[in-house]
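Take a look at the structure below.
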Amino acid sequence: MAKSDQSRRKFIGTLILSLAGLFSLGKFLSPRVPQQKILLSVAKAELPLDGALVYREARVALMREGDAVYALSLVCTHLGCTINVTPTELVCPCHGSSFDRRGVVLKGPADRQLPRYQVVQRGEFFEVVV
Amino acid sequence: MVNEFLGHLFPRVVLRRNLAFSYTFCLGGLAFTAFLILAATGMLLLFYYQASPEKAFNSILFLEASVWGGRYLRSLHRLSSHFMLVLLMLHTLRVILTGAYQKPRELNWVLGCGLLLLCVFEAYTGYLLPMDQLALWATQTGMELLTIFPLGSYLRAILVPDGVGQPMSLLRFYVLHIMLVPLSVLLLSFLHFYRIRKNKGVLPYL
């Protein structure tokens, strides 16, 4: 019995060491990715006053309300479908969630408002950064 | 199985007087340990290094700034390389002072000299890879020194076909550093150890 105890201790030791090694390796191989990605870049003149530009491919809508310009994610906070933008509200085709133009939930099943992306003004362009 | 394999590395017969620690100071074994550390850390550094003149330095900065343990691994790699060269010089000195180069071990002396030269060359090729100012000018002066030797300019043309720090040269140094030279060092080391065993020399690691 003494012998088998010895080998169990060895086994557990090896296991802990290899798990720690694997963990460190995983951490080493997943670097912080610091850069901000420019999702899209739109000429200022293209965005009408109190209007919206919809980019279904990038799943972003660029909105303007007077002076305020903001970018709404068009990923439904319920199950991730791409939301349709209508003149009055934003409606998800999958389960009928609807949001107002600011991204606040009007009707479920979605329960969180749409996240906003940062909009940077650079020269004659609006840039949406992630 | 592992133990049996390790057992086969031990010589069948060993001369008792060779076993004293003060005979070898484990210098060769320590140098080979440094080599193993270099291989392990180097393999991890490969995940982040980009061998092109524009990207090399930035990839090092990225490794040091944004990768967990990146700076530690790179420092370990660099320090181990310094240690390895120092240990090799001490090992060579020991072999000279104890007269271990004499018959019947003269072949191992030649192998050892080859290993020493290869390791210095390995360190030299690694020196360029970060592509900072130190790396660039150290390699530049090294290459100028090389042209003094006979056939030096010919060798230089092979090592740096488009000038120090240009894409093709960096790639060649990179390939030499991570593939050709380390493999040669490993192969020669095994021959070196085999000769020790044949000459009823010391146990592994002494």
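FYI, nothing fancy with the structure tokens labels: chains A, B, ... in order, residues from 1 per chain, ligands from 1 as they appear.
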
Taking a cut-off of 9 Å and counting only C-alpha atoms, can you build a table that, for each residue of stretch 22-124 of chain B near stretch 18-30 of chain A, reports the nearest atom pair and how far apart they are in Å (one decimal), sorted by chain then residue number, as JSON lines?
{"residue": "B:Leu44", "atom": "CA", "partner": "A:Phe28", "partner_atom": "CA", "distance": 8.6}
{"residue": "B:Phe47", "atom": "CA", "partner": "A:Leu29", "partner_atom": "CA", "distance": 7.7}
{"residue": "B:Tyr48", "atom": "CA", "partner": "A:Leu29", "partner_atom": "CA", "distance": 8.8}
{"residue": "B:Val67", "atom": "CA", "partner": "A:Phe28", "partner_atom": "CA", "distance": 6.0}
{"residue": "B:Trp68", "atom": "CA", "partner": "A:Phe28", "partner_atom": "CA", "distance": 5.0}
{"residue": "B:Gly69", "atom": "CA", "partner": "A:Phe28", "partner_atom": "CA", "distance": 6.2}
{"residue": "B:Gly70", "atom": "CA", "partner": "A:Phe28", "partner_atom": "CA", "distance": 7.0}

Surrounding residues of A:Met63 excluding itself and chain neighbours under 3 positions, 10 Å, only C-alpha atoms, as an NGL selection string
:A and (47-54 or 60 or 66 or 68-72 or 101-102)

Using only C-alpha atoms, which of the listed residues (B:Val164, B:Ala34, B:Ala39, B:Met1) sits closest to B:Met179?
B:Ala39

Could you pull the residues within 12 Å of A:Gly108, counting only C-alpha atoms, minus those fewer than 5 positions along the same chain, as a compact mmCIF listing (two decimals) with N, CA and C atoms, in the first residue's frame?
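Saved to selection-v6.txt:
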# COMPACT_ATOMS: atom_id res chain seq x y z
N CYS A 76 -29.58 42.51 -31.82
CA CYS A 76 -30.64 42.47 -30.83
C CYS A 76 -30.11 41.89 -29.53
N THR A 77 -30.46 42.53 -28.42
CA THR A 77 -29.94 42.09 -27.13
C THR A 77 -30.66 40.85 -26.62
N HIS A 78 -31.64 40.39 -27.41
CA HIS A 78 -32.32 39.15 -27.01
C HIS A 78 -31.50 37.94 -27.47
N LEU A 79 -31.52 37.65 -28.80
CA LEU A 79 -30.75 36.49 -29.27
C LEU A 79 -29.83 36.83 -30.43
N VAL A 91 -37.01 47.46 -35.10
CA VAL A 91 -37.73 46.22 -34.82
C VAL A 91 -36.88 45.02 -35.18
N CYS A 92 -36.88 44.06 -34.29
CA CYS A 92 -36.13 42.84 -34.57
C CYS A 92 -37.04 41.86 -35.29
N CYS A 94 -36.78 38.67 -35.66
CA CYS A 94 -36.83 37.31 -35.14
C CYS A 94 -37.96 37.12 -34.12
N HIS A 95 -38.00 37.94 -33.08
CA HIS A 95 -39.00 37.72 -32.05
C HIS A 95 -39.79 38.98 -31.72
N GLY A 96 -39.66 39.98 -32.55
CA GLY A 96 -40.53 41.14 -32.42
C GLY A 96 -40.16 42.15 -31.37
N SER A 97 -38.94 42.09 -30.82
CA SER A 97 -38.53 43.13 -29.88
C SER A 97 -38.49 44.46 -30.63
N SER A 98 -38.87 45.55 -29.95
CA SER A 98 -38.71 46.83 -30.62
C SER A 98 -38.06 47.83 -29.68
N PHE A 99 -37.35 48.75 -30.31
CA PHE A 99 -36.56 49.75 -29.57
C PHE A 99 -36.89 51.11 -30.17
N GLN A 113 -31.14 47.64 -23.29
CA GLN A 113 -31.13 48.57 -24.42
C GLN A 113 -29.92 48.30 -25.32

With a distance cut-off of 8 Å and only C-alpha atoms, select the neighbouring residues of B:Ser80, excluding the residue or stretch itself and same-chain residues fewer than 3 positions from it, and output the selection as a list in words.
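Non-adjacent residues within range: Ala34, Phe35, Ile37, Leu38, Leu76, His77, Phe83 and Met84 of chain B.
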
From stretch 6-47 of chain A, collect each residue whose DSSP state is helix (DSSP H, G or I) and return the set as a list in words.
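Residues of stretch 6-47 of chain A classed as helix (DSSP H, G or I): Gln6, Ser7, Arg8, Arg9, Lys10, Phe11, Ile12, Gly13, Thr14, Leu15, Ile16, Leu17, Ser18, Leu19, Ala20, Gly21, Leu22, Phe23, Ser24, Leu25, Gly26, Lys27, Phe28, Leu29, Lys44, Ala45 and Glu46 of chain A.
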
If you run DSSP on this backbone, which residues of chain A come out as strand (DSSP E), and could you give them as a PyMOL selection string?
chain A and resi 38-43+52-55+60-65+68-73+84-85+90-91+98-99+105-107+116-122+125-129

Quick one: residues within 9 Å of stretch 99-115 of chain B, only C-alpha atoms, excluding same-chain residues fewer than 5 positions away - as a PyMOL selection string?
chain B and resi 92+94+120+184-185+188-189+191-193+195-196+199

Atomic separation - atom CA of B:Val175 relative to atom CA of B:Lys55, Å
16.4 Å

Between atom CA of B:Asn3 and atom CA of A:Arg9 - distance in Å to one decimal
18.0 Å

Restricting the calculation to only C-alpha atoms: of B:Phe21, B:Leu6, B:Ala31, B:Leu73, which residue gets closest to chain A?
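Selected residue with least distance to chain A: B:Leu73.
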
Interatomic distance between atom CA of B:Val14 and atom CA of B:Lys200?
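Answer for the atom CA of B:Val14 to atom CA of B:Lys200 separation: 4.9 Å.
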
Taking 6 positions as the minimum chain separation for residues in the same chain, which residues sit within 10 Å of B:Pro167 when counting only C-alpha atoms? Answer as a list of chain:residue names.
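Neighbouring residues, sequence-local ones excluded: B:Ala51, B:Ser52, B:Pro53, B:Glu54, B:Val160, B:Pro161.
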